[in-house]
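Asks: So I've got this file, my_file25.cif, and it contains mmCIF, C-alpha atoms and all ligand atoms:
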```cif
data_protein
loop_
_atom_site.group_PDB
_atom_site.id
_atom_site.type_symbol
_atom_site.label_atom_id
_atom_site.label_comp_id
_atom_site.auth_asym_id
_atom_site.auth_seq_id
_atom_site.Cartn_x
_atom_site.Cartn_y
_atom_site.Cartn_z
ATOM 1 C CA MET A 9 0.000 0.000 0.000
ATOM 2 C CA GLY A 10 3.131 2.151 0.310
ATOM 3 C CA GLY A 11 1.513 4.384 2.922
ATOM 4 C CA SER A 12 -1.058 5.608 0.407
ATOM 5 C CA TRP A 13 -4.100 7.245 1.881
ATOM 6 C CA PRO A 14 -7.127 7.320 1.600
ATOM 7 C CA PRO A 15 -7.030 3.532 1.704
ATOM 8 C CA THR A 16 -7.077 1.587 -1.524
ATOM 9 C CA LEU A 17 -9.166 -1.240 -0.074
ATOM 10 C CA GLY A 18 -12.696 -0.366 -1.111
ATOM 11 C CA PRO A 19 -15.791 -2.551 -0.783
ATOM 12 C CA ALA A 20 -14.576 -4.680 -3.730
ATOM 13 C CA PRO A 21 -10.776 -4.484 -3.843
ATOM 14 C CA ASN A 22 -9.053 -5.799 -6.968
ATOM 15 C CA THR A 23 -6.307 -8.420 -6.943
ATOM 16 C CA SER A 24 -3.412 -5.995 -6.844
ATOM 17 C CA GLN A 25 -4.991 -4.036 -3.985
ATOM 18 C CA LEU A 26 -5.472 -7.256 -2.050
ATOM 19 C CA ARG A 27 -1.896 -8.287 -2.757
ATOM 20 C CA GLY A 28 -0.678 -4.889 -1.471
ATOM 21 C CA ALA A 29 -2.759 -5.282 1.675
ATOM 22 C CA LEU A 30 -1.408 -8.770 2.317
ATOM 23 C CA GLN A 31 2.175 -7.591 1.826
ATOM 24 C CA ALA A 32 1.577 -4.789 4.299
ATOM 25 C CA ARG A 33 0.236 -7.221 6.897
ATOM 26 C CA GLN A 34 3.240 -9.513 6.307
ATOM 27 C CA LYS A 35 5.360 -6.511 7.315
ATOM 28 C CA ARG A 36 3.165 -6.284 10.433
ATOM 29 C CA VAL A 37 1.585 -2.983 9.342
ATOM 30 C CA PRO A 38 -1.454 -2.646 11.665
ATOM 31 C CA LEU A 39 -4.718 -3.692 10.012
ATOM 32 C CA ALA A 40 -6.247 -0.288 10.812
ATOM 33 C CA TYR A 41 -3.553 1.398 8.685
ATOM 34 C CA VAL A 42 -4.193 -1.076 5.857
ATOM 35 C CA LEU A 43 -7.949 -0.427 5.946
ATOM 36 C CA GLY A 44 -7.587 3.287 6.731
ATOM 37 C CA GLU A 45 -10.504 3.215 9.120
ATOM 38 C CA VAL A 46 -11.579 1.924 12.541
ATOM 39 C CA GLU A 47 -14.809 2.086 14.490
ATOM 40 C CA PHE A 48 -14.819 3.935 17.788
ATOM 41 C CA LEU A 49 -18.068 3.421 19.719
ATOM 42 C CA GLY A 50 -19.609 2.514 16.363
ATOM 43 C CA ILE A 51 -18.394 5.762 14.746
ATOM 44 C CA PRO A 52 -16.208 5.202 11.655
ATOM 45 C CA ILE A 53 -12.937 7.090 12.153
ATOM 46 C CA ARG A 54 -10.238 7.502 9.515
ATOM 47 C CA VAL A 55 -6.699 6.709 10.513
ATOM 48 C CA ARG A 56 -3.362 6.771 8.712
ATOM 49 C CA PRO A 57 0.257 5.847 9.476
ATOM 50 C CA GLY A 58 1.767 8.391 11.843
ATOM 51 C CA VAL A 59 -1.437 8.669 13.888
ATOM 52 C CA PHE A 60 -2.362 6.593 16.953
ATOM 53 C CA ILE A 61 -5.057 3.974 16.265
ATOM 54 C CA PRO A 62 -8.134 4.342 18.521
ATOM 55 C CA ARG A 63 -8.552 1.378 20.896
ATOM 56 C CA VAL A 64 -11.632 -0.338 22.294
ATOM 57 C CA ASP A 65 -10.235 0.239 25.824
ATOM 58 C CA THR A 66 -10.498 3.984 25.268
ATOM 59 C CA GLU A 67 -14.251 3.716 24.667
ATOM 60 C CA THR A 68 -14.483 3.294 28.461
ATOM 61 C CA LEU A 69 -13.314 6.896 28.791
ATOM 62 C CA ILE A 70 -16.360 8.189 26.892
ATOM 63 C CA LEU A 71 -18.750 5.844 28.717
ATOM 64 C CA THR A 72 -17.315 7.142 32.004
ATOM 65 C CA VAL A 73 -17.839 10.780 31.021
ATOM 66 C CA GLN A 74 -21.434 9.902 30.145
ATOM 67 C CA THR A 75 -21.890 8.409 33.637
ATOM 68 C CA TYR A 76 -20.819 11.600 35.422
ATOM 69 C CA ILE A 77 -21.870 14.413 33.080
ATOM 70 C CA THR A 78 -25.511 14.602 32.097
ATOM 71 C CA LYS A 79 -26.582 15.488 28.588
ATOM 72 C CA ARG A 80 -28.653 18.361 29.976
ATOM 73 C CA THR A 81 -25.571 20.094 31.388
ATOM 74 C CA ARG A 82 -25.310 23.733 30.277
ATOM 75 C CA VAL A 83 -22.797 24.560 27.552
ATOM 76 C CA LEU A 84 -19.765 22.432 28.245
ATOM 77 C CA ARG A 85 -16.274 23.676 27.454
ATOM 78 C CA VAL A 86 -14.134 20.623 26.817
ATOM 79 C CA ALA A 87 -10.498 20.035 25.862
ATOM 80 C CA ASP A 88 -9.321 16.727 24.403
ATOM 81 C CA ILE A 89 -5.575 16.698 24.972
ATOM 82 C CA GLY A 90 -3.575 14.485 22.606
ATOM 83 C CA THR A 91 -6.515 14.064 20.260
ATOM 84 C CA GLY A 92 -4.875 11.743 17.688
ATOM 85 C CA THR A 93 -7.613 10.938 15.150
ATOM 86 C CA GLY A 94 -10.047 13.137 17.103
ATOM 87 C CA CYS A 95 -12.088 10.101 18.185
ATOM 88 C CA LEU A 96 -12.726 11.306 21.756
ATOM 89 C CA ALA A 97 -13.686 14.850 20.755
ATOM 90 C CA ILE A 98 -15.989 13.558 18.013
ATOM 91 C CA ALA A 99 -17.711 10.989 20.254
ATOM 92 C CA LEU A 100 -18.289 13.672 22.914
ATOM 93 C CA ALA A 101 -19.511 16.256 20.409
ATOM 94 C CA LEU A 102 -22.022 13.773 18.973
ATOM 95 C CA HIS A 103 -23.278 12.850 22.459
ATOM 96 C CA TYR A 104 -23.358 16.375 23.940
ATOM 97 C CA PRO A 105 -24.977 18.718 21.426
ATOM 98 C CA ARG A 106 -24.298 21.740 23.662
ATOM 99 C CA ALA A 107 -20.582 21.067 24.084
ATOM 100 C CA ARG A 108 -17.816 23.124 22.503
ATOM 101 C CA LEU A 109 -14.554 21.300 22.174
ATOM 102 C CA TRP A 110 -10.887 22.027 21.585
ATOM 103 C CA ALA A 111 -8.963 19.032 20.254
ATOM 104 C CA ILE A 112 -5.230 19.529 20.744
ATOM 105 C CA ASP A 113 -2.260 17.545 19.497
ATOM 106 C CA ARG A 114 1.427 18.238 19.057
ATOM 107 C CA SER A 115 1.654 16.057 15.937
ATOM 108 C CA PRO A 116 0.874 17.774 12.597
ATOM 109 C CA MET A 117 -0.273 14.428 11.137
ATOM 110 C CA ALA A 118 -2.714 13.940 14.022
ATOM 111 C CA VAL A 119 -4.064 17.476 13.596
ATOM 112 C CA ARG A 120 -4.600 16.925 9.870
ATOM 113 C CA THR A 121 -6.372 13.597 10.461
ATOM 114 C CA ALA A 122 -8.521 14.906 13.320
ATOM 115 C CA ARG A 123 -9.601 17.843 11.122
ATOM 116 C CA GLU A 124 -10.622 15.438 8.360
ATOM 117 C CA ASN A 125 -12.589 13.304 10.821
ATOM 118 C CA THR A 126 -14.274 16.351 12.342
ATOM 119 C CA ALA A 127 -15.279 17.613 8.899
ATOM 120 C CA ARG A 128 -16.672 14.189 8.035
ATOM 121 C CA TYR A 129 -19.251 14.638 10.824
ATOM 122 C CA ARG A 130 -19.743 18.363 10.096
ATOM 123 C CA LEU A 131 -18.600 19.313 13.577
ATOM 124 C CA GLU A 132 -16.234 22.127 12.580
ATOM 125 C CA SER A 133 -18.468 24.772 14.154
ATOM 126 C CA ARG A 134 -18.114 23.143 17.621
ATOM 127 C CA VAL A 135 -14.896 21.146 17.501
ATOM 128 C CA TRP A 136 -11.726 23.123 16.899
ATOM 129 C CA VAL A 137 -8.649 21.045 16.139
ATOM 130 C CA LEU A 138 -5.443 22.864 16.980
ATOM 131 C CA ARG A 139 -1.762 22.062 17.070
ATOM 132 C CA GLY A 140 -0.386 22.695 20.534
ATOM 133 C CA ASP A 141 1.465 21.452 23.578
ATOM 134 C CA LEU A 142 -0.898 20.100 26.240
ATOM 135 C CA LEU A 143 -3.038 22.894 27.778
ATOM 136 C CA GLN A 144 -0.618 25.763 27.266
ATOM 137 C CA ALA A 145 -3.002 27.695 24.995
ATOM 138 C CA PHE A 146 -5.808 27.903 27.581
ATOM 139 C CA ARG A 147 -6.395 30.828 29.886
ATOM 140 C CA PRO A 148 -7.089 30.101 33.590
ATOM 141 C CA HIS A 149 -10.516 28.698 34.503
ATOM 142 C CA THR A 150 -11.838 28.482 30.929
ATOM 143 C CA LEU A 151 -12.606 24.759 30.758
ATOM 144 C CA ASP A 152 -15.268 22.622 32.473
ATOM 145 C CA LEU A 153 -13.849 19.303 31.440
ATOM 146 C CA VAL A 154 -10.611 17.765 30.152
ATOM 147 C CA VAL A 155 -10.438 14.334 28.552
ATOM 148 C CA THR A 156 -7.156 12.735 27.684
ATOM 149 C CA ASN A 157 -5.551 9.482 26.663
ATOM 150 C CA PRO A 158 -1.943 10.579 27.082
ATOM 151 C CA PRO A 159 1.207 8.600 26.302
ATOM 152 C CA TYR A 160 1.797 6.587 29.475
ATOM 153 C CA ILE A 161 4.011 3.624 28.599
ATOM 154 C CA PRO A 162 7.400 3.774 30.377
ATOM 155 C CA THR A 163 10.154 4.079 27.737
ATOM 156 C CA SER A 164 11.831 0.820 28.818
ATOM 157 C CA HIS A 165 8.591 -1.112 27.998
ATOM 158 C CA LEU A 166 8.382 0.115 24.395
ATOM 159 C CA PRO A 167 10.627 -2.619 22.913
ATOM 160 C CA THR A 168 8.345 -5.297 24.432
ATOM 161 C CA LEU A 169 5.278 -4.069 22.516
ATOM 162 C CA PRO A 170 3.952 -6.115 19.561
ATOM 163 C CA PRO A 171 5.506 -5.226 16.158
ATOM 164 C CA GLU A 172 2.222 -3.637 15.003
ATOM 165 C CA VAL A 173 2.155 -1.261 17.983
ATOM 166 C CA GLN A 174 5.783 -0.335 17.362
ATOM 167 C CA GLN A 175 4.708 1.028 13.961
ATOM 168 C CA GLU A 176 2.507 3.597 15.696
ATOM 169 C CA PRO A 177 4.046 6.997 16.497
ATOM 170 C CA LYS A 178 6.441 6.858 19.427
ATOM 171 C CA GLU A 179 5.243 10.232 20.751
ATOM 172 C CA ALA A 180 1.767 8.711 21.185
ATOM 173 C CA LEU A 181 3.073 5.888 23.389
ATOM 174 C CA ASP A 182 6.213 7.023 25.175
ATOM 175 C CA GLY A 183 5.540 8.267 28.696
ATOM 176 C CA GLY A 184 9.211 8.757 29.545
ATOM 177 C CA PRO A 185 11.263 6.954 32.219
ATOM 178 C CA ASP A 186 8.392 6.470 34.714
ATOM 179 C CA GLY A 187 5.440 6.841 32.309
ATOM 180 C CA LEU A 188 4.496 10.258 33.731
ATOM 181 C CA SER A 189 6.590 12.648 31.623
ATOM 182 C CA VAL A 190 3.478 13.925 29.807
ATOM 183 C CA ILE A 191 0.953 13.240 32.578
ATOM 184 C CA ARG A 192 2.744 15.321 35.243
ATOM 185 C CA PRO A 193 2.707 18.655 33.310
ATOM 186 C CA LEU A 194 -0.785 17.830 32.049
ATOM 187 C CA LEU A 195 -2.104 17.469 35.607
ATOM 188 C CA GLN A 196 -0.358 20.674 36.597
ATOM 189 C CA GLN A 197 -1.686 22.703 33.643
ATOM 190 C CA ALA A 198 -5.240 21.320 33.995
ATOM 191 C CA LEU A 199 -5.393 22.663 37.563
ATOM 192 C CA ASP A 200 -5.171 26.180 36.085
ATOM 193 C CA ALA A 201 -7.176 25.696 32.904
ATOM 194 C CA LEU A 202 -10.171 24.042 34.586
ATOM 195 C CA VAL A 203 -12.786 25.942 36.561
ATOM 196 C CA PRO A 204 -12.884 25.166 40.319
ATOM 197 C CA GLY A 205 -14.614 21.796 40.625
ATOM 198 C CA GLY A 206 -13.763 21.019 36.974
ATOM 199 C CA TRP A 207 -13.520 17.446 35.719
ATOM 200 C CA LEU A 208 -10.507 15.562 34.392
ATOM 201 C CA PHE A 209 -11.029 12.126 32.796
ATOM 202 C CA MET A 210 -7.751 10.380 32.024
ATOM 203 C CA GLU A 211 -7.006 6.984 30.517
ATOM 204 C CA ILE A 212 -4.241 5.153 32.356
ATOM 205 C CA ALA A 213 -3.037 1.573 32.832
ATOM 206 C CA PRO A 214 -2.148 -0.450 35.960
ATOM 207 C CA PRO A 215 1.658 0.041 35.730
ATOM 208 C CA VAL A 216 1.285 3.808 36.223
ATOM 209 C CA ARG A 217 -1.995 3.875 38.195
ATOM 210 C CA ASP A 218 -0.634 4.377 41.692
ATOM 211 C CA ARG A 219 1.960 6.958 40.625
ATOM 212 C CA VAL A 220 -0.652 8.990 38.741
ATOM 213 C CA ILE A 221 -3.108 8.898 41.659
ATOM 214 C CA HIS A 222 -0.370 9.884 44.101
ATOM 215 C CA THR A 223 0.727 12.796 41.872
ATOM 216 C CA ALA A 224 -2.847 13.985 41.300
ATOM 217 C CA LYS A 225 -3.587 14.011 45.037
ATOM 218 C CA ARG A 226 -0.347 15.858 45.731
ATOM 219 C CA PHE A 227 -1.452 18.549 43.246
ATOM 220 C CA GLY A 228 -4.744 18.890 45.180
ATOM 221 C CA TYR A 229 -7.140 16.953 42.939
ATOM 222 C CA ARG A 230 -10.021 15.005 44.440
ATOM 223 C CA LEU A 231 -10.077 11.376 43.314
ATOM 224 C CA VAL A 232 -13.695 10.699 42.312
ATOM 225 C CA ALA A 233 -13.339 7.214 40.817
ATOM 226 C CA MET A 234 -11.160 4.677 39.093
ATOM 227 C CA GLU A 235 -13.230 2.939 36.414
ATOM 228 C CA LYS A 236 -12.454 -0.437 34.843
ATOM 229 C CA ASP A 237 -12.577 -1.289 31.143
ATOM 230 C CA LEU A 238 -14.440 -4.278 29.676
ATOM 231 C CA GLY A 239 -11.432 -6.479 30.462
ATOM 232 C CA TRP A 240 -11.892 -5.515 34.148
ATOM 233 C CA ILE A 241 -8.638 -3.555 34.136
ATOM 234 C CA ASP A 242 -8.345 -0.155 35.866
ATOM 235 C CA ARG A 243 -8.500 2.249 32.933
ATOM 236 C CA VAL A 244 -10.114 5.628 33.568
ATOM 237 C CA LEU A 245 -9.217 7.996 36.350
ATOM 238 C CA VAL A 246 -11.896 10.526 37.292
ATOM 239 C CA LEU A 247 -10.544 13.619 39.057
ATOM 240 C CA ARG A 248 -11.936 16.997 40.101
ATOM 241 C CA THR A 249 -10.100 20.199 40.804
ATOM 242 C CA PRO A 250 -10.675 21.804 44.235
ATOM 243 C CA SER A 251 -13.970 23.766 44.451
HETATM 244 C C1 LIG A 301 -2.227 7.571 23.111
HETATM 245 S S1 LIG A 301 -2.448 8.796 21.840
HETATM 246 C C2 LIG A 301 -4.198 9.124 22.042
HETATM 247 C C3 LIG A 301 -4.909 9.546 20.768
HETATM 248 C C4 LIG A 301 -6.443 9.613 20.896
HETATM 249 N N1 LIG A 301 -6.852 10.548 21.926
HETATM 250 C C5 LIG A 301 -7.002 8.252 21.200
HETATM 251 O O1 LIG A 301 -7.389 8.004 22.359
HETATM 252 O O2 LIG A 301 -7.075 7.412 20.283
HETATM 253 C C6 LIG A 301 -1.652 10.212 22.570
HETATM 254 C C7 LIG A 301 -1.637 11.460 21.697
HETATM 255 O O3 LIG A 301 -1.028 12.523 22.441
HETATM 256 C C8 LIG A 301 -0.251 13.316 21.556
HETATM 257 N N2 LIG A 301 0.721 14.049 22.391
HETATM 258 C C9 LIG A 301 1.840 13.571 22.994
HETATM 259 N N3 LIG A 301 2.452 14.556 23.693
HETATM 260 C C10 LIG A 301 1.690 15.673 23.540
HETATM 261 C C11 LIG A 301 1.808 17.023 24.009
HETATM 262 N N4 LIG A 301 2.819 17.408 24.793
HETATM 263 N N5 LIG A 301 0.848 17.908 23.640
HETATM 264 C C12 LIG A 301 -0.167 17.543 22.835
HETATM 265 N N6 LIG A 301 -0.333 16.280 22.354
HETATM 266 C C13 LIG A 301 0.601 15.360 22.693
HETATM 267 C C14 LIG A 301 0.333 12.318 20.580
HETATM 268 O O4 LIG A 301 0.747 12.951 19.384
HETATM 269 C C15 LIG A 301 -0.851 11.349 20.394
HETATM 270 O O5 LIG A 301 -1.654 11.721 19.307
#
```
Can you dump the structure from the file as structure tokens?

Replies:
Amino acid sequence: MGGSWPPTLGPAPNTSQLRGALQARQKRVPLAYVLGEVEFLGIPIRVRPGVFIPRVDTETLILTVQTYITKRTRVLRVADIGTGTGCLAIALALHYPRARLWAIDRSPMAVRTARENTARYRLESRVWVLRGDLLQAFRPHTLDLVVTNPPYIPTSHLPTLPPEVQQEPKEALDGGPDGLSVIRPLLQQALDALVPGGWLFMEIAPPVRDRVIHTAKRFGYRLVAMEKDLGWIDRVLVLRTPS
């Protein structure tokens, strides 16, 4: 497939397209990159090499937000930090018609892809995709809610990941020596950017769970819940800033 995009596998691919797809899989190119699309909570989302592939585990993050934040909530100001394909921002925008969202990523390829996905669902008037570093662009107390699936894998674990995962962008996975290199400044910046009593929903994994909780409490957050994914693994941390 030679990295071509949009994907060349249509509903009825020809022989050479199929051969290209098979060759890509033999090189352990992730299937999502071969197909150019994944479903996130039933929403088709385009994805291309250089952009993190949305995972089923991350759907728990949206289901958790839906548990705590009612649809009737007044206008919600939301930031999705490290948006990747834009899957979280899009799922939230479709569920909360009164929400306005900022989808931020440092990667130009992610920003381009998230913009394409946002346009596909005609959400450009409520979802703004911007290139940026964490929450640096936000003024104090301007957000009600932050969602994030940050890079949290300790650097030393990266070589143990399956070959497919190693073809995803390193900056989407690499959490630094202890897994918290991105999470620590994110927690710090969210304290300022969120209103008092604001919500932070963060995907994590068991190897970093205790360190993240400890750091969040030290910064003054209130731990509301730790929700499990469908595999019964601790996955989503629910935090609130002091009121
Ligand atoms: C694990 S991926 C999550 C993508 C998407 N939210 C999802 O759940 O499928 C993490 C994303 O964070 C982005 N990222 C890493 N460091 C960042 C930073 N300092 N500021 C903004 N985005 C960053 C990466 O480029 C990547 O797209």

Asks: In Å, with one decimal, what is the gap from atom CA of Gly205 of chain A to atom CA of Asn157 of chain A?

Replies: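 Atom-to-atom, atom CA of Gly205 of chain A and atom CA of Asn157 of chain A are spaced 20.7 Å apart.
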
Asks: List the spatial neighbours of segment 109-120 of chain A as a PyMOL selection string - criterion: any atom at most 7 Å away, only C-alpha atoms, same-chain residues fewer than 6 positions off excluded.

Replies: chain A and resi 58-59+85-94+97+134-141

Asks: Which residues are close to segment 172-189 of chain A, i.e. within 12 Å by all atoms listed in the file, leaving aside same-chain residues fewer than 6 positions away? Reply as a PyMOL selection string.

Replies: chain A and resi 11+32-42+55-63+89-93+113-118+142+156-166+195-196+212-224

Asks: Quick check on the file I pasted: which residues fall under the PyMOL selection byres (((chain A and resi 204) around 6) and not hetatm)? Write them as a list in words.

Replies: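 When the PyMOL selection byres (((chain A and resi 204) around 6) and not hetatm) is applied to the shown file, the picked residues are Val203, Gly205, Gly206, Thr249, Pro250 and Ser251 of chain A.
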
Asks: So what do you get for atom CA of Arg147 of chain A versus atom CA of Leu202 of chain A, distance-wise?

Replies: 9.1 Å

Asks: Could you give me the axis-aligned bounding box of segment 227-236 of chain A, with 6 Å of padding per side, as centre plus edge lengths in Å to one decimal, as AutoDock Vina command-line options?

Replies:
```
--center_x -7.6 --center_y 9.2 --center_z 40.0 --size_x 24.2 --size_y 31.3 --size_z 22.3
```

Asks: Enumerate, as a PyMOL selection string, the protein, DNA and RNA residues whose atoms approach (-16.2, 4.7, 24.9) to within 10 Å, taking into account all atoms listed in the file and the coordinate frame of the file.

Replies: chain A and resi 48-50+63-74+95-96+99-100+237

Asks: In terms of the shortest atom-to-atom distance over all atoms listed in the file, which of A:Ile98, A:Leu26, A:Leu84, A:Leu238 is closest to ligand LIG 301 (chain A)?

Replies: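 That would be A:Ile98, the residue with the smallest distance to ligand LIG 301 (chain A).
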
Asks: So, counting only C-alpha atoms and all ligand atoms, which residue among A:Pro21, A:Pro52, A:Pro167, A:Pro193 is closest to ligand LIG 301 (chain A)?

Replies: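 Nearest candidate to ligand LIG 301 (chain A) out of A:Pro21, A:Pro52, A:Pro167, A:Pro193: A:Pro193.
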
Asks: Please determine, counting only C-alpha atoms and all ligand atoms, which residue among A:Leu245, A:Leu131, A:Val190, A:Ala201 has the shortest atom-to-atom distance to ligand LIG 301 (chain A).

Replies: A:Val190

Asks: Which of these, A:Ile241, A:Tyr76, A:Arg226, A:Arg54, has the shortest distance to ligand LIG 301 (chain A) once you count all atoms listed in the file?

Replies: A:Arg54

Asks: Which one is closest to ligand LIG 301 (chain A): A:Arg192, A:Arg106, A:Arg27, A:Lys236? Count all atoms listed in the file.

Replies: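 Residue with the minimum atom-to-atom distance to ligand LIG 301 (chain A): A:Arg192.
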
Asks: Using only C-alpha atoms and all ligand atoms, can you tell me which of A:Thr126, A:Thr121, A:Ser133, A:Thr150 comes closest to ligand LIG 301 (chain A)?

Replies: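 Among the listed residues, the smallest separation from ligand LIG 301 (chain A) belongs to A:Thr121.
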
Asks: How far is it from atom N5 of ligand LIG 301 (chain A) to atom CA of Leu143 of chain A, in Å with one decimal?

Replies: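 That distance, rounded to one decimal, is 7.6 Å.
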
Asks: How would segment 104-115 of chain A of the given structure read as a file with N, CA, C and O atoms, as a CSV table (one decimal), in the first residue's frame?

Replies:
```csv
chain,number,residue,atom,x,y,z
A,104,TYR,N,-23.0,15.2,23.2
A,104,TYR,CA,-23.4,16.4,23.9
A,104,TYR,C,-23.5,17.5,22.9
A,104,TYR,O,-22.6,18.2,22.6
A,105,PRO,N,-24.8,17.7,22.5
A,105,PRO,CA,-25.0,18.7,21.4
A,105,PRO,C,-24.7,20.1,21.9
A,105,PRO,O,-24.4,21.0,21.0
A,106,ARG,N,-24.6,20.4,23.2
A,106,ARG,CA,-24.3,21.7,23.7
A,106,ARG,C,-22.8,21.9,24.0
A,106,ARG,O,-22.4,23.0,24.5
A,107,ALA,N,-22.0,20.9,23.7
A,107,ALA,CA,-20.6,21.1,24.1
A,107,ALA,C,-19.8,21.8,23.0
A,107,ALA,O,-20.1,21.7,21.8
A,108,ARG,N,-18.8,22.5,23.4
A,108,ARG,CA,-17.8,23.1,22.5
A,108,ARG,C,-16.5,22.5,22.9
A,108,ARG,O,-16.1,22.5,24.1
A,109,LEU,N,-15.8,22.1,21.9
A,109,LEU,CA,-14.6,21.3,22.2
A,109,LEU,C,-13.3,21.8,21.5
A,109,LEU,O,-13.4,22.2,20.3
A,110,TRP,N,-12.2,21.7,22.2
A,110,TRP,CA,-10.9,22.0,21.6
A,110,TRP,C,-10.1,20.7,21.6
A,110,TRP,O,-9.9,20.1,22.7
A,111,ALA,N,-9.7,20.3,20.4
A,111,ALA,CA,-9.0,19.0,20.3
A,111,ALA,C,-7.5,19.4,19.9
A,111,ALA,O,-7.2,20.0,18.9
A,112,ILE,N,-6.6,19.1,20.8
A,112,ILE,CA,-5.2,19.5,20.7
A,112,ILE,C,-4.3,18.4,20.5
A,112,ILE,O,-4.4,17.3,21.2
A,113,ASP,N,-3.3,18.5,19.6
A,113,ASP,CA,-2.3,17.5,19.5
A,113,ASP,C,-1.0,18.3,19.0
A,113,ASP,O,-1.1,19.3,18.3
A,114,ARG,N,0.1,17.7,19.4
A,114,ARG,CA,1.4,18.2,19.1
A,114,ARG,C,1.8,17.8,17.7
A,114,ARG,O,2.6,18.4,17.0
A,115,SER,N,1.3,16.7,17.2
A,115,SER,CA,1.7,16.1,15.9
A,115,SER,C,0.9,16.7,14.8
A,115,SER,O,-0.4,16.6,14.8
```
